[in-house]
Every structure is written in C-alpha cells, then in structure tokens.
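First comes the structure, then the notes that go with it.
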Amino acid sequence: MLLVWFYGVMVVGAVSRSVYQIATEFDRAPLAYTLSAVAGVVYGFITYSLVRGGETARRAAQVCCAAELAGVLIVGTWTVLEPSAFPDATVWSKYGMGYVFIPVLLPLSALYWLRRNRADDGDNRGGDGITP
C-alpha cells in the first residue's frame with residue numbers, strides 16, 4: 001500500500017510540474033520538461049499496475065520499474081556529467097535529488113516488493129492487486 005501511495009504522489013508531482021512547465025516555458029528546457037512528463041506517465045502506469053494486480057500487471061510493473069530505474073540512472077548521470085544539457089531540472093535530475101532521492105529508491109523498492117510478493121504468492125494468479 002505504501003508503494004502505491006508513493007507512486008501516486010510522484011504521479012501528481014511529476015505530471016503537474018511538467019504540465020505547468022510545458023505550458024509556460026517549454027522553449028527554455030524542452031528535454032527536461034518532456035522527460036518529467038514521461039516520468040509522470042511511467043509513474044501512473046506503475047501505480048495502475050500495482051493496484052490492478054494479477055500476474056500480467058505484475059510483469060508490466062516489473063518492466064516499467066526496470067525502465068524507470070534505467071531512466072533515473074541515465075538521466076541522473078547525464079545531469080551530473082553534463083549539467084548544461086539541462087537548463088532546468090527533471091524529476092530524475094541528479095538521481096532525483098529534488099525529490100529527496102525518491103525517484104531512485106522507489107523503483108528499487110518496487111522491484112524488490114514485486115519479486116518478493118511473487119515468491120510469496122506461489123501459484124496464486126488472482127487479480128487481487130495490493131491486498132494480501
């Protein structure tokens with residue numbers, strides 16, 4: 001339940017920030033604002049998958065969490081090595097420093113939970129979502 005809550009907060013934060021920035025100052029940092037919007041969409045899909053439950057949703061969430069982690073690591077490293085490429089920060093800049101590093105910790109936590117929860121479920125393929 002905590003993962004769903006954190007992902008929900010990240011959806012609201014990333015989407016609202018990127019919508020505002022794209023609407024008001026897109027020409028200032030189009031790459032950064034577009035990446036923030038993409039992050040918001042990814043967070044939304046992961047949130048939906050965690051709530052939906054079932055094996056297909058679990059697999060989709062795992063793929064998205066792995067992609068999210070790769071994005072955080074790539075963009076985070078890029079912003080550290082080439083800060084001039086990002087005149088304004090993204091959600092994933094400096095590994096999510098502007099979001100208290102939640103963007104780098106969240107996919108790691110989610111991947112761990114998804115793997116552990118799958119092992120605990122055994123043959124249970126029900127669509128019960130986040131409920132035990």
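All residue names refer to the structure tokens as shown: chains lettered A, B, ... in order, residues numbered from 1 in each chain, ligands numbered from 1 in order.
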
Closest pair table for region 17-91 of chain A residues within 12 Å of region 96-106 of chain A, only C-alpha atoms, as JSON lines:
```
{"residue": "A:Ser36", "atom": "CA", "partner": "A:Gly96", "partner_atom": "CA", "distance": 11.0}
{"residue": "A:Ala39", "atom": "CA", "partner": "A:Pro103", "partner_atom": "CA", "distance": 9.3}
{"residue": "A:Gly40", "atom": "CA", "partner": "A:Pro103", "partner_atom": "CA", "distance": 10.9}
{"residue": "A:Val42", "atom": "CA", "partner": "A:Pro103", "partner_atom": "CA", "distance": 11.5}
{"residue": "A:Tyr43", "atom": "CA", "partner": "A:Pro103", "partner_atom": "CA", "distance": 9.8}
{"residue": "A:Ile46", "atom": "CA", "partner": "A:Leu106", "partner_atom": "CA", "distance": 10.9}
{"residue": "A:Thr47", "atom": "CA", "partner": "A:Leu106", "partner_atom": "CA", "distance": 11.6}
{"residue": "A:Cys64", "atom": "CA", "partner": "A:Leu106", "partner_atom": "CA", "distance": 11.8}
{"residue": "A:Cys65", "atom": "CA", "partner": "A:Leu106", "partner_atom": "CA", "distance": 8.5}
{"residue": "A:Ala66", "atom": "CA", "partner": "A:Leu106", "partner_atom": "CA", "distance": 10.8}
{"residue": "A:Ala67", "atom": "CA", "partner": "A:Val104", "partner_atom": "CA", "distance": 11.6}
{"residue": "A:Glu68", "atom": "CA", "partner": "A:Pro103", "partner_atom": "CA", "distance": 8.3}
{"residue": "A:Leu69", "atom": "CA", "partner": "A:Val104", "partner_atom": "CA", "distance": 6.4}
{"residue": "A:Ala70", "atom": "CA", "partner": "A:Val104", "partner_atom": "CA", "distance": 9.4}
{"residue": "A:Gly71", "atom": "CA", "partner": "A:Val104", "partner_atom": "CA", "distance": 9.4}
{"residue": "A:Val72", "atom": "CA", "partner": "A:Val104", "partner_atom": "CA", "distance": 6.2}
{"residue": "A:Leu73", "atom": "CA", "partner": "A:Val104", "partner_atom": "CA", "distance": 7.6}
{"residue": "A:Ile74", "atom": "CA", "partner": "A:Val104", "partner_atom": "CA", "distance": 11.0}
{"residue": "A:Val75", "atom": "CA", "partner": "A:Gly96", "partner_atom": "CA", "distance": 9.5}
{"residue": "A:Gly76", "atom": "CA", "partner": "A:Gly96", "partner_atom": "CA", "distance": 7.3}
{"residue": "A:Thr77", "atom": "CA", "partner": "A:Gly96", "partner_atom": "CA", "distance": 10.8}
{"residue": "A:Thr79", "atom": "CA", "partner": "A:Gly96", "partner_atom": "CA", "distance": 10.5}
{"residue": "A:Val80", "atom": "CA", "partner": "A:Met97", "partner_atom": "CA", "distance": 11.2}
{"residue": "A:Asp88", "atom": "CA", "partner": "A:Gly98", "partner_atom": "CA", "distance": 11.4}
{"residue": "A:Ala89", "atom": "CA", "partner": "A:Gly98", "partner_atom": "CA", "distance": 8.1}
{"residue": "A:Thr90", "atom": "CA", "partner": "A:Gly96", "partner_atom": "CA", "distance": 8.0}
{"residue": "A:Val91", "atom": "CA", "partner": "A:Gly96", "partner_atom": "CA", "distance": 5.8}
```

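The two atoms in question, CA of Val51 (chain A) and CA of Ser16 (chain A), are spaced 21.4 Å apart.
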
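Between CA of Leu3 (chain A) and CA of Val19 (chain A) the separation is 23.7 Å.
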
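Compared by their closest atoms to Gly8 (chain A), and using only C-alpha atoms, the residues A:Arg28, A:Ala37, A:Tyr20, A:Leu50 rank with A:Leu50 nearest.
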
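Residue nearest Arg118 (chain A) within the list A:Glu25, A:Trp92, A:Thr56, A:Val41: A:Thr56 [criterion: smallest interatomic distance, only C-alpha atoms].
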